[in-house]
Amino acid sequence: MPNGGVAYFSAEFGLDESLPIYSGGLGILAGDHIKAAADLNIPLTGVGIFYKKGYFQQQINENGWQQQRYPDVNLEASVYPVQLAKDAEGRPIIIEVTIAGRPVYAKAWYVSLGSVTLYLLSTDVEANSESDRQLTDNLYPSNQDARISQEMLLGIGGARLLAALGIKPDVWHMNEGHSAFLAFERIRMLSAEGVSFETALEAVKASTVFTTHTPVPAGHDVFSIEMIDRYLGDYYWQMGADRDRVLALGQLDGAFNMTRLAVSSSSKVNGVSKLHGEVTRELFHRWMPHIPIQDIPVDSVTNGVHIGTWLADGMKKLYDQHLVSDWAIRTQEVDIWASVREIPATELWKEHKKAKSEMVQELGLPLTAFGEEPLIIGFARRFATYKRALLIFSDLDRLARILGDAQRPVCLIFAGKAHPADEPGKDLIRRIVELSREDRFKGRVHIVENYAMDKAKKLVQGVDVWLNTPVKPMEASGTSGQKAALNGVLNCSVLDGWWVEGYNGRNGWAIDGVTDGGSDEQTRQDSETLYRLLEDEIVPLYYKRGERAIPTEWVNMMKESIVSLTPVYNTHRMVTDYWNRIYVPATERGKRFRADNFEVASRVGAYKRFIRDNWSAVHVNKVEILDNHSSRIGLNKTAFIAKIDLGPIWHKDVRVEAVGSDGRRGIWRAKLELVQQLSKGLYVYEGVSPEIPIDVWRSNVNVRVTPISPDFANDFEMELATWG
Ligand SMILES: *Cc1c(COP(=O)(O)O)cnc(C)c1O
């Protein structure tokens, strides 16, 4: 493996059902990400954990309760050859991580996919105590000690493994905050080379990027300060800093937050859909209330899925016949997909029906009782309560009428696992089982056990409608609907996550709540919309048959869905976006910060320290807002005059601006120019009014001072701002 490239850290990777080291969307996304990187020949090294017992196998017992079984992962059965990483002499590479004062050893398995290698750490080595050998048995242990140990192994152990392999990545990508301790280890390594903490932190930040996936605070990993001291206390001095400075990187509300650490140690943060980017800005705004939501430096790259993994064979053949021959490596080209419109409706419908009957057969669904082809609606994902699996059961009588129409039968299929510690999640499964046994739902409501990639493929290829009813805005992106779309399956979804961007009014159905949140009123509205869509649009359209019993309008909608969604919501587009917007700039930035013995990193570190130490001297002393636009000579639209005290900070190191609400959801900013120095550190700034109506900008305006530097990755890199 050559030097450079991207190191992609994730707590889970979903490559294939035969390698069950993923629990849900995050892992599948990571798997699809690295497959696309391999397709695009991007040099990338994945780092994760080899969970010996994988994610559990689910059985649902007589009473509807989920049972978990934990068999060892069968490496022989894996469709990807999994091998042990060895050194030049052929000995297994063993790395060591000190966890709570004791040495823990780990080996690494690896999987090769062209330009990508995925390394998976395992503590199942002889040198470890029995309990440490089991440290990597399961995903997401509920026990906090097990959890922090795994995260130390992933972040710190992962960075050590790359060093042991001689891999020096240009960019370090943290997929979620679980791996954020990698920043500690990279700082420690630099410190061991004699680089100061401040410089090392800047060098690490410059080359690290972070993707957040969790729109709610409760979803972020948090450890007590006492735990951090106990587990990572040895690290503080090795990083060349005192305890407070290290803890400050992750401290939030009296605890240590892994998302906070990830943000502090990266130069680029992104959410996974446009809406999720906004929600993340709102979330981070709570940590930095002095920075308006709109200014919080969070970008977004909307998720996609790996077409080669999720596309049904029959549909692939159809695309091979009707699209350009090399469509599979040009999936992000919008024009290519327009040819789908030329596929004869009979052929597209035939392939869809084939996928449907294959699903029915392979999942053992007893649906044949309803004649040839009932309308089948699928709902499959983790059983987390925010996903509201029971929304469609809000009004049982009404649902029974919809499903039970003898002329137009409708079936519902559910699948998904609940986290073993999630009792409310397990209760959702139990309730669906219970309902499926009621006479009026018998044969019409089914639940498929042990949801994993194999079942997911069959479902996203074989149902007619893919239903998604999360509490908005809690579905950061969602990807299963994208898998459905590329197979010609139509989405019916709450306008949340990716669907806000994907829905165009013609390519599926939207449940567009008036208000956000999970209130009873919202649930009532959303279920009402869903029933109305089913009764008035979805069921009638499906059963509106034309020539040769083909639902022509439905098929046209399938085409619209494929044409409008597939070129955008695939991982080739997504990884290309990461490459252009995130990896390339971070590579350049990292190199620049490291060059000439860390010259830029050292300068930025020293600069930040100076600013931080002196920022309390910065004051906006007085702001005058002039009604009369022509009162000043020279600036005939002068609107703001501000007296600013900068203390020892140089005026070129700050930006002074008037900031206000634009009356909608946005803000406006008007730069103020230095016009006069009154005395040492005391300045007068002036600016002109923004180009929006005076009553709007007058109503809510203030003057803000922020530290700036051409070396900062964004305008709020220091998270500092002083207001008038
Ligand atoms: C795609 C996928 C998910 C994610 O589904 P969402 O609807 O995005 O939550 C979860 N589990 C499996 C097995 C998947 O294939």
# chains A, B, ... in the order shown; residues from 1 in each chain; ligands from 1
$ residues_near_ligand --ligand "ligand 1" --cutoff "8 Å" --atoms "only C-alpha atoms and all ligand atoms" --output "list in words"
Ser23, Gly24, Gly25, Leu26, Ile28, Leu29, Ala380, Arg381, Arg382, Gly416, Tyr451, Ala452, Met453, Asp454, Lys455, Ala456, Lys457, Asn468, Glu475, Ser477, Gly478, Thr479, Ser480, Gly481 and Lys483 of chain A
$ write_last_selection --atoms "N, CA, C and O atoms" --output "CSV table (one decimal), in the first residue's frame"
chain,number,residue,atom,x,y,z
A,23,SER,N,-24.7,-3.0,12.2
A,23,SER,CA,-26.0,-3.2,12.9
A,23,SER,C,-27.1,-2.5,12.0
A,23,SER,O,-28.2,-2.8,12.2
A,24,GLY,N,-26.7,-1.5,11.2
A,24,GLY,CA,-27.7,-0.8,10.5
A,24,GLY,C,-27.2,0.2,9.5
A,24,GLY,O,-26.1,0.0,8.9
A,25,GLY,N,-27.9,1.3,9.3
A,25,GLY,CA,-27.6,2.2,8.2
A,25,GLY,C,-26.2,2.8,8.2
A,25,GLY,O,-25.5,2.9,7.2
A,26,LEU,N,-25.6,3.0,9.4
A,26,LEU,CA,-24.3,3.6,9.5
A,26,LEU,C,-23.2,2.6,8.9
A,26,LEU,O,-22.4,3.0,8.1
A,28,ILE,N,-23.9,0.0,6.8
A,28,ILE,CA,-24.1,-0.2,5.4
A,28,ILE,C,-23.6,1.0,4.6
A,28,ILE,O,-22.9,0.8,3.5
A,29,LEU,N,-23.7,2.2,5.1
A,29,LEU,CA,-23.2,3.3,4.4
A,29,LEU,C,-21.7,3.2,4.3
A,29,LEU,O,-21.1,3.5,3.2
A,380,ALA,N,-38.8,-1.7,6.5
A,380,ALA,CA,-37.7,-2.5,7.1
A,380,ALA,C,-36.5,-1.6,7.4
A,380,ALA,O,-36.0,-0.9,6.5
A,381,ARG,N,-36.1,-1.6,8.6
A,381,ARG,CA,-35.0,-0.8,9.1
A,381,ARG,C,-34.9,-1.2,10.6
A,381,ARG,O,-35.7,-2.0,11.1
A,382,ARG,N,-33.9,-0.6,11.3
A,382,ARG,CA,-33.8,-0.9,12.7
A,382,ARG,C,-35.1,-0.5,13.4
A,382,ARG,O,-35.7,0.5,13.0
A,416,GLY,N,-36.8,-6.0,10.8
A,416,GLY,CA,-35.9,-5.1,11.5
A,416,GLY,C,-35.5,-5.7,12.8
A,416,GLY,O,-36.2,-6.5,13.4
A,451,TYR,N,-33.6,-9.4,10.0
A,451,TYR,CA,-33.3,-8.5,9.0
A,451,TYR,C,-31.8,-8.3,8.9
A,451,TYR,O,-31.1,-8.0,9.9
A,452,ALA,N,-31.2,-8.4,7.7
A,452,ALA,CA,-29.8,-8.2,7.4
A,452,ALA,C,-29.7,-7.9,5.9
A,452,ALA,O,-30.7,-7.7,5.3
A,453,MET,N,-28.5,-7.7,5.4
A,453,MET,CA,-28.4,-7.3,4.0
A,453,MET,C,-29.1,-8.2,3.0
A,453,MET,O,-29.6,-7.7,2.1
A,454,ASP,N,-29.0,-9.5,3.3
A,454,ASP,CA,-29.7,-10.4,2.3
A,454,ASP,C,-31.2,-10.1,2.2
A,454,ASP,O,-31.7,-10.0,1.1
A,455,LYS,N,-31.8,-10.0,3.4
A,455,LYS,CA,-33.2,-9.7,3.4
A,455,LYS,C,-33.5,-8.3,2.9
A,455,LYS,O,-34.5,-8.1,2.2
A,456,ALA,N,-32.6,-7.4,3.2
A,456,ALA,CA,-32.8,-6.0,2.8
A,456,ALA,C,-32.8,-6.0,1.2
A,456,ALA,O,-33.7,-5.3,0.6
A,457,LYS,N,-31.9,-6.7,0.6
A,457,LYS,CA,-31.9,-6.7,-0.9
A,457,LYS,C,-33.2,-7.2,-1.4
A,457,LYS,O,-33.8,-6.6,-2.3
A,468,ASN,N,-41.6,4.9,4.8
A,468,ASN,CA,-40.7,5.4,5.8
A,468,ASN,C,-41.4,6.5,6.5
A,468,ASN,O,-41.8,7.5,6.0
A,475,GLU,N,-34.5,11.5,11.0
A,475,GLU,CA,-33.8,10.6,10.1
A,475,GLU,C,-32.8,11.4,9.3
A,475,GLU,O,-33.1,12.1,8.4
A,477,SER,N,-30.4,10.9,7.2
A,477,SER,CA,-30.6,10.8,5.8
A,477,SER,C,-31.6,9.6,5.5
A,477,SER,O,-32.6,9.9,4.9
A,478,GLY,N,-31.2,8.4,5.9
A,478,GLY,CA,-32.0,7.3,5.5
A,478,GLY,C,-31.4,6.8,4.2
A,478,GLY,O,-31.1,7.7,3.3
A,479,THR,N,-31.2,5.5,4.0
A,479,THR,CA,-30.7,5.1,2.7
A,479,THR,C,-31.5,4.0,2.1
A,479,THR,O,-31.4,3.7,0.9
A,480,SER,N,-32.3,3.3,2.9
A,480,SER,CA,-33.0,2.1,2.3
A,480,SER,C,-34.0,2.6,1.2
A,480,SER,O,-34.1,1.8,0.2
A,481,GLY,N,-34.6,3.8,1.3
A,481,GLY,CA,-35.4,4.2,0.3
A,481,GLY,C,-34.7,4.5,-1.0
A,481,GLY,O,-35.2,4.4,-2.1
A,483,LYS,N,-32.2,2.6,-2.0
A,483,LYS,CA,-32.0,1.2,-2.5
A,483,LYS,C,-33.3,0.8,-3.3
A,483,LYS,O,-33.2,0.2,-4.4
$ select_by_dssp --residues "segment 201-281 of chain A" --states "strand (DSSP E or B)" --output "number ranges by chain"
A: 208-211, 222-224, 251-252, 255-257, 268-271
$ write_last_selection --atoms "all heavy atoms" --output "CSV table (one decimal), in the first residue's frame"
chain,number,residue,atom,x,y,z
A,208,THR,N,-7.9,16.1,9.3
A,208,THR,CA,-9.0,15.2,9.8
A,208,THR,C,-10.4,15.8,9.3
A,208,THR,O,-10.6,17.0,9.4
A,208,THR,CB,-9.0,15.1,11.3
A,208,THR,OG1,-7.7,14.7,11.7
A,208,THR,CG2,-10.0,14.1,11.8
A,209,VAL,N,-11.3,14.9,9.0
A,209,VAL,CA,-12.6,15.3,8.6
A,209,VAL,C,-13.6,14.4,9.3
A,209,VAL,O,-13.3,13.3,9.7
A,209,VAL,CB,-12.9,15.3,7.1
A,209,VAL,CG1,-11.9,16.2,6.4
A,209,VAL,CG2,-12.8,13.9,6.5
A,210,PHE,N,-14.8,15.0,9.6
A,210,PHE,CA,-15.7,14.3,10.5
A,210,PHE,C,-17.1,14.3,9.9
A,210,PHE,O,-17.6,15.4,9.5
A,210,PHE,CB,-15.7,15.0,11.8
A,210,PHE,CG,-16.9,14.5,12.8
A,210,PHE,CD1,-17.2,13.2,13.0
A,210,PHE,CD2,-17.6,15.5,13.5
A,210,PHE,CE1,-18.2,12.8,13.8
A,210,PHE,CE2,-18.6,15.1,14.3
A,210,PHE,CZ,-18.9,13.8,14.5
A,211,THR,N,-17.7,13.1,9.7
A,211,THR,CA,-19.1,13.1,9.3
A,211,THR,C,-20.0,12.7,10.5
A,211,THR,O,-19.8,11.6,11.1
A,211,THR,CB,-19.3,12.0,8.2
A,211,THR,OG1,-18.4,12.4,7.1
A,211,THR,CG2,-20.7,11.9,7.7
A,222,VAL,N,-21.3,9.6,25.1
A,222,VAL,CA,-20.8,10.5,26.2
A,222,VAL,C,-20.2,9.6,27.3
A,222,VAL,O,-20.8,8.6,27.6
A,222,VAL,CB,-22.0,11.3,26.7
A,222,VAL,CG1,-21.6,12.1,27.9
A,222,VAL,CG2,-22.5,12.3,25.6
A,223,PHE,N,-19.0,10.0,27.8
A,223,PHE,CA,-18.4,9.4,28.9
A,223,PHE,C,-18.2,10.4,30.0
A,223,PHE,O,-18.0,11.5,29.8
A,223,PHE,CB,-17.1,8.7,28.5
A,223,PHE,CG,-17.2,7.7,27.4
A,223,PHE,CD1,-16.7,8.0,26.1
A,223,PHE,CD2,-17.8,6.5,27.6
A,223,PHE,CE1,-16.8,7.1,25.1
A,223,PHE,CE2,-18.0,5.6,26.6
A,223,PHE,CZ,-17.5,5.9,25.3
A,224,SER,N,-18.3,9.9,31.3
A,224,SER,CA,-18.0,10.8,32.4
A,224,SER,C,-16.6,11.2,32.4
A,224,SER,O,-15.7,10.5,31.9
A,224,SER,CB,-18.4,10.1,33.7
A,224,SER,OG,-17.4,9.1,34.0
A,251,GLN,N,-15.1,18.3,26.3
A,251,GLN,CA,-15.9,18.6,27.4
A,251,GLN,C,-17.2,19.3,27.0
A,251,GLN,O,-17.2,20.2,26.2
A,251,GLN,CB,-15.2,19.4,28.4
A,251,GLN,CG,-15.5,19.0,29.8
A,251,GLN,CD,-14.4,19.4,30.8
A,251,GLN,OE1,-13.3,19.9,30.4
A,251,GLN,NE2,-14.6,19.1,32.0
A,252,LEU,N,-18.3,18.8,27.5
A,252,LEU,CA,-19.6,19.4,27.2
A,252,LEU,C,-20.6,19.0,28.3
A,252,LEU,O,-20.7,17.9,28.6
A,252,LEU,CB,-20.1,18.8,25.8
A,252,LEU,CG,-21.3,19.6,25.2
A,252,LEU,CD1,-20.8,21.0,24.7
A,252,LEU,CD2,-21.7,18.8,24.0
A,255,ALA,N,-19.5,16.5,31.0
A,255,ALA,CA,-19.1,15.2,30.6
A,255,ALA,C,-18.2,15.3,29.4
A,255,ALA,O,-17.9,16.4,28.9
A,255,ALA,CB,-20.3,14.3,30.3
A,256,PHE,N,-17.8,14.1,28.9
A,256,PHE,CA,-16.9,14.1,27.7
A,256,PHE,C,-17.7,13.5,26.5
A,256,PHE,O,-18.1,12.4,26.5
A,256,PHE,CB,-15.6,13.3,28.0
A,256,PHE,CG,-14.5,13.4,27.0
A,256,PHE,CD1,-13.6,14.4,27.1
A,256,PHE,CD2,-14.5,12.6,25.8
A,256,PHE,CE1,-12.6,14.6,26.2
A,256,PHE,CE2,-13.5,12.8,24.9
A,256,PHE,CZ,-12.5,13.8,25.1
A,257,ASN,N,-17.8,14.3,25.5
A,257,ASN,CA,-18.7,14.0,24.4
A,257,ASN,C,-17.8,13.7,23.1
A,257,ASN,O,-17.0,14.5,22.7
A,257,ASN,CB,-19.6,15.2,24.2
A,257,ASN,CG,-20.6,15.0,23.1
A,257,ASN,OD1,-20.3,14.7,21.9
A,257,ASN,ND2,-21.9,15.1,23.4
A,268,LYS,N,-13.1,19.9,9.0
A,268,LYS,CA,-14.3,19.9,8.2
A,268,LYS,C,-15.4,19.0,8.8
A,268,LYS,O,-15.0,17.8,9.1
A,268,LYS,CB,-14.0,19.4,6.8
A,268,LYS,CG,-15.1,19.5,5.8
A,268,LYS,CD,-15.3,20.8,5.2
A,268,LYS,CE,-16.4,20.8,4.1
A,268,LYS,NZ,-16.7,22.2,3.7
A,269,VAL,N,-16.6,19.5,9.0
A,269,VAL,CA,-17.6,18.7,9.5
A,269,VAL,C,-18.8,18.6,8.6
A,269,VAL,O,-19.2,19.7,8.0
A,269,VAL,CB,-18.1,19.2,10.9
A,269,VAL,CG1,-19.3,18.4,11.5
A,269,VAL,CG2,-17.0,19.4,11.9
A,270,ASN,N,-19.4,17.4,8.3
A,270,ASN,CA,-20.5,17.4,7.5
A,270,ASN,C,-21.6,16.5,8.0
A,270,ASN,O,-21.3,15.5,8.7
A,270,ASN,CB,-20.1,17.0,6.0
A,270,ASN,CG,-19.8,15.5,5.9
A,270,ASN,OD1,-18.8,15.0,6.3
A,270,ASN,ND2,-20.8,14.8,5.4
A,271,GLY,N,-22.8,16.9,7.7
A,271,GLY,CA,-24.0,16.1,8.0
A,271,GLY,C,-24.3,15.3,6.7
A,271,GLY,O,-23.6,15.4,5.7
$ atom_distance --atom1 "atom CA of Glu535 of chain A" --atom2 "atom CA of Asn487 of chain A"
24.1 Å
$ closest_residue --among "A:Ala163, A:Val654, A:Glu547, A:Gly378" --to "Leu467 of chain A" --atoms "only C-alpha atoms"
A:Gly378
$ closest_residue --among "A:Asp711, A:Arg506, A:Leu375, A:Pro297" --to "His285 of chain A" --atoms "only C-alpha atoms"
A:Pro297
$ residues_around --residues "segment 95-99 of chain A" --least-positions-apart "6" --cutoff "6 Å" --atoms "only C-alpha atoms" --output "ChimeraX atom specification"
/A:105-106,157,231
$ closest_atom_pairs --of "segment 234-339 of chain A" --to "segment 686-706 of chain A" --cutoff "12 Å" --atoms "only C-alpha atoms" --output "tab-separated table"
residue	atom	partner	partner_atom	distance
A:His290	CA	A:Arg704	CA	9.6
A:Ile291	CA	A:Arg704	CA	9.7
A:Pro292	CA	A:Arg704	CA	10.9
A:Asp295	CA	A:Thr706	CA	11.8
$ write_last_selection --atoms "C-alpha atoms" --output "mmCIF file, in the first residue's frame"
data_model
loop_
_atom_site.group_PDB
_atom_site.id
_atom_site.type_symbol
_atom_site.label_atom_id
_atom_site.label_comp_id
_atom_site.auth_asym_id
_atom_site.auth_seq_id
_atom_site.Cartn_x
_atom_site.Cartn_y
_atom_site.Cartn_z
ATOM 1 C CA HIS A 290 -22.799 33.202 20.501
ATOM 2 C CA ILE A 291 -22.590 31.971 16.902
ATOM 3 C CA PRO A 292 -25.826 32.132 14.882
ATOM 4 C CA ASP A 295 -22.816 30.550 10.707
#
$ closest_atom_pairs --of "segment 527-592 of chain A" --to "segment 499-505 of chain A" --cutoff "12 Å" --atoms "only C-alpha atoms" --output "tab-separated table"
residue	atom	partner	partner_atom	distance
A:Met557	CA	A:Gly505	CA	10.3
A:Glu560	CA	A:Asn504	CA	9.5
A:Ser561	CA	A:Tyr503	CA	8.8
A:Ile562	CA	A:Gly502	CA	11.0
A:Val563	CA	A:Gly502	CA	11.2
A:Ser564	CA	A:Gly502	CA	7.7
A:Leu565	CA	A:Gly502	CA	6.3
A:Thr566	CA	A:Gly502	CA	9.7
A:Pro567	CA	A:Gly502	CA	10.9
A:Val568	CA	A:Gly502	CA	8.4
A:Tyr569	CA	A:Gly502	CA	8.2
A:Asn570	CA	A:Gly502	CA	11.9
$ write_last_selection --atoms "N, CA and C atoms" --output "PDB file, in the first residue's frame"
ATOM      1  N   MET A 557     -44.421   6.175 -13.240  1.00  0.00           N
ATOM      2  CA  MET A 557     -43.920   6.755 -11.995  1.00  0.00           C
ATOM      3  C   MET A 557     -42.626   6.044 -11.555  1.00  0.00           C
ATOM      4  N   GLU A 560     -39.968   7.586 -13.593  1.00  0.00           N
ATOM      5  CA  GLU A 560     -39.641   8.917 -13.085  1.00  0.00           C
ATOM      6  C   GLU A 560     -38.766   8.809 -11.836  1.00  0.00           C
ATOM      7  N   SER A 561     -39.103   7.846 -11.004  1.00  0.00           N
ATOM      8  CA  SER A 561     -38.352   7.656  -9.767  1.00  0.00           C
ATOM      9  C   SER A 561     -36.914   7.222 -10.069  1.00  0.00           C
ATOM     10  N   ILE A 562     -36.762   6.269 -10.968  1.00  0.00           N
ATOM     11  CA  ILE A 562     -35.412   5.785 -11.316  1.00  0.00           C
ATOM     12  C   ILE A 562     -34.596   6.925 -11.947  1.00  0.00           C
ATOM     13  N   VAL A 563     -35.224   7.604 -12.909  1.00  0.00           N
ATOM     14  CA  VAL A 563     -34.499   8.635 -13.658  1.00  0.00           C
ATOM     15  C   VAL A 563     -34.089   9.802 -12.763  1.00  0.00           C
ATOM     16  N   SER A 564     -34.983  10.204 -11.861  1.00  0.00           N
ATOM     17  CA  SER A 564     -34.683  11.399 -11.071  1.00  0.00           C
ATOM     18  C   SER A 564     -33.817  11.097  -9.850  1.00  0.00           C
ATOM     19  N   LEU A 565     -33.871   9.884  -9.337  1.00  0.00           N
ATOM     20  CA  LEU A 565     -33.198   9.616  -8.057  1.00  0.00           C
ATOM     21  C   LEU A 565     -31.867   8.861  -8.195  1.00  0.00           C
ATOM     22  N   THR A 566     -31.844   7.892  -9.100  1.00  0.00           N
ATOM     23  CA  THR A 566     -30.658   7.027  -9.145  1.00  0.00           C
ATOM     24  C   THR A 566     -29.354   7.769  -9.415  1.00  0.00           C
ATOM     25  N   PRO A 567     -29.307   8.707 -10.366  1.00  0.00           N
ATOM     26  CA  PRO A 567     -28.018   9.363 -10.627  1.00  0.00           C
ATOM     27  C   PRO A 567     -27.501  10.182  -9.443  1.00  0.00           C
ATOM     28  N   VAL A 568     -28.395  10.561  -8.542  1.00  0.00           N
ATOM     29  CA  VAL A 568     -27.986  11.424  -7.430  1.00  0.00           C
ATOM     30  C   VAL A 568     -27.695  10.624  -6.164  1.00  0.00           C
ATOM     31  N   TYR A 569     -28.587   9.693  -5.849  1.00  0.00           N
ATOM     32  CA  TYR A 569     -28.490   9.041  -4.537  1.00  0.00           C
ATOM     33  C   TYR A 569     -27.743   7.710  -4.620  1.00  0.00           C
ATOM     34  N   ASN A 570     -26.562   7.783  -5.227  1.00  0.00           N
ATOM     35  CA  ASN A 570     -25.697   6.607  -5.273  1.00  0.00           C
ATOM     36  C   ASN A 570     -24.327   6.994  -4.719  1.00  0.00           C
TER      37      ASN A 570
END
$ residues_around --residues "Thr280 of chain A" --least-positions-apart "4" --cutoff "9 Å" --atoms "only C-alpha atoms" --output "list of chain:residue names"
A:Thr212, A:His213, A:Thr214, A:Pro215, A:Val216, A:Asn270, A:Gly271, A:Leu275, A:His276, A:Phe284, A:His285, A:Ile296, A:Val298
$ atom_distance --atom1 "atom CA of Val623 of chain A" --atom2 "atom CA of Ala642 of chain A"
4.4 Å
$ residues_around --residues "Ser436 of chain A" --least-positions-apart "6" --cutoff "12 Å" --atoms "only C-alpha atoms" --output "MDAnalysis selection string"
chainID A and resid 63:64 393 396 400 403 411:414 429:430 442:448
$ closest_residue --among "A:Ser273, A:Asn74, A:Ala241, A:Gly254" --to "Glu17 of chain A" --atoms "only C-alpha atoms"
A:Asn74
$ residues_around --residues "Val684 of chain A" --least-positions-apart "2" --cutoff "9 Å" --atoms "only C-alpha atoms" --output "MDAnalysis selection string"
chainID A and resid 641:645 673:678 682 686
$ closest_atom_pairs --of "segment 388-446 of chain A" --to "segment 136-156 of chain A" --cutoff "9 Å" --atoms "only C-alpha atoms" --output "Markdown table"
| residue | atom | partner | partner_atom | distance |
| --- | --- | --- | --- | --- |
| A:His419 | CA | A:Tyr140 | CA | 8.9 |
| A:Pro420 | CA | A:Ser142 | CA | 8.8 |
| A:Ala421 | CA | A:Ser142 | CA | 7.0 |
$ write_last_selection --atoms "all heavy atoms" --output "PDB file, in the first residue's frame"
ATOM      1  N   HIS A 419     -32.141  -2.899  18.985  1.00  0.00           N
ATOM      2  CA  HIS A 419     -30.932  -3.085  19.795  1.00  0.00           C
ATOM      3  C   HIS A 419     -31.310  -3.914  21.030  1.00  0.00           C
ATOM      4  O   HIS A 419     -32.367  -3.673  21.632  1.00  0.00           O
ATOM      5  CB  HIS A 419     -30.343  -1.729  20.205  1.00  0.00           C
ATOM      6  CG  HIS A 419     -29.030  -1.865  20.925  1.00  0.00           C
ATOM      7  ND1 HIS A 419     -28.955  -2.181  22.259  1.00  0.00           N
ATOM      8  CD2 HIS A 419     -27.749  -1.750  20.486  1.00  0.00           C
ATOM      9  CE1 HIS A 419     -27.675  -2.256  22.610  1.00  0.00           C
ATOM     10  NE2 HIS A 419     -26.924  -1.990  21.547  1.00  0.00           N
ATOM     11  N   PRO A 420     -30.455  -4.892  21.409  1.00  0.00           N
ATOM     12  CA  PRO A 420     -30.802  -5.793  22.518  1.00  0.00           C
ATOM     13  C   PRO A 420     -31.207  -5.060  23.800  1.00  0.00           C
ATOM     14  O   PRO A 420     -31.992  -5.593  24.600  1.00  0.00           O
ATOM     15  CB  PRO A 420     -29.516  -6.584  22.742  1.00  0.00           C
ATOM     16  CG  PRO A 420     -28.801  -6.537  21.438  1.00  0.00           C
ATOM     17  CD  PRO A 420     -29.185  -5.255  20.769  1.00  0.00           C
ATOM     18  N   ALA A 421     -30.712  -3.841  23.993  1.00  0.00           N
ATOM     19  CA  ALA A 421     -31.052  -3.124  25.227  1.00  0.00           C
ATOM     20  C   ALA A 421     -32.251  -2.196  25.041  1.00  0.00           C
ATOM     21  O   ALA A 421     -32.650  -1.498  25.962  1.00  0.00           O
ATOM     22  CB  ALA A 421     -29.843  -2.323  25.699  1.00  0.00           C
TER      23      ALA A 421
END
$ atom_distance --atom1 "atom CA of Ile582 of chain A" --atom2 "atom CA of Val263 of chain A"
14.7 Å
$ closest_residue --among "A:Ala218, A:Leu348, A:Val305, A:Val246" --to "Glu198 of chain A" --atoms "only C-alpha atoms"
A:Val246
$ decode --residues "segment 544-552 of chain A" --atoms "N, CA, C and O atoms" --output "PDB file, in the first residue's frame"
ATOM      1  N   LYS A 544     -54.947   0.509 -11.237  1.00  0.00           N
ATOM      2  CA  LYS A 544     -55.465   1.066 -12.488  1.00  0.00           C
ATOM      3  C   LYS A 544     -54.711   0.408 -13.640  1.00  0.00           C
ATOM      4  O   LYS A 544     -53.591   0.805 -13.980  1.00  0.00           O
ATOM      5  N   ARG A 545     -55.333  -0.638 -14.200  1.00  0.00           N
ATOM      6  CA  ARG A 545     -54.625  -1.435 -15.194  1.00  0.00           C
ATOM      7  C   ARG A 545     -55.013  -1.036 -16.606  1.00  0.00           C
ATOM      8  O   ARG A 545     -56.169  -0.774 -16.899  1.00  0.00           O
ATOM      9  N   GLY A 546     -54.012  -1.028 -17.461  1.00  0.00           N
ATOM     10  CA  GLY A 546     -54.266  -0.724 -18.858  1.00  0.00           C
ATOM     11  C   GLY A 546     -54.157  -1.991 -19.674  1.00  0.00           C
ATOM     12  O   GLY A 546     -54.550  -3.073 -19.233  1.00  0.00           O
ATOM     13  N   GLU A 547     -53.572  -1.845 -20.829  1.00  0.00           N
ATOM     14  CA  GLU A 547     -53.389  -2.962 -21.746  1.00  0.00           C
ATOM     15  C   GLU A 547     -52.610  -4.095 -21.081  1.00  0.00           C
ATOM     16  O   GLU A 547     -51.633  -3.829 -20.368  1.00  0.00           O
ATOM     17  N   ARG A 548     -52.998  -5.300 -21.344  1.00  0.00           N
ATOM     18  CA  ARG A 548     -52.341  -6.495 -20.795  1.00  0.00           C
ATOM     19  C   ARG A 548     -52.132  -6.391 -19.276  1.00  0.00           C
ATOM     20  O   ARG A 548     -51.092  -6.767 -18.762  1.00  0.00           O
ATOM     21  N   ALA A 549     -53.094  -5.803 -18.631  1.00  0.00           N
ATOM     22  CA  ALA A 549     -53.097  -5.712 -17.159  1.00  0.00           C
ATOM     23  C   ALA A 549     -51.879  -4.992 -16.594  1.00  0.00           C
ATOM     24  O   ALA A 549     -51.464  -5.231 -15.472  1.00  0.00           O
ATOM     25  N   ILE A 550     -51.315  -4.109 -17.395  1.00  0.00           N
ATOM     26  CA  ILE A 550     -50.155  -3.370 -16.895  1.00  0.00           C
ATOM     27  C   ILE A 550     -50.599  -2.019 -16.329  1.00  0.00           C
ATOM     28  O   ILE A 550     -51.351  -1.290 -16.974  1.00  0.00           O
ATOM     29  N   PRO A 551     -50.147  -1.689 -15.123  1.00  0.00           N
ATOM     30  CA  PRO A 551     -50.499  -0.387 -14.548  1.00  0.00           C
ATOM     31  C   PRO A 551     -49.588   0.689 -15.141  1.00  0.00           C
ATOM     32  O   PRO A 551     -48.584   1.084 -14.540  1.00  0.00           O
ATOM     33  N   THR A 552     -49.962   1.172 -16.294  1.00  0.00           N
ATOM     34  CA  THR A 552     -49.076   2.037 -17.071  1.00  0.00           C
ATOM     35  C   THR A 552     -48.637   3.284 -16.308  1.00  0.00           C
ATOM     36  O   THR A 552     -47.463   3.656 -16.329  1.00  0.00           O
TER      37      THR A 552
END
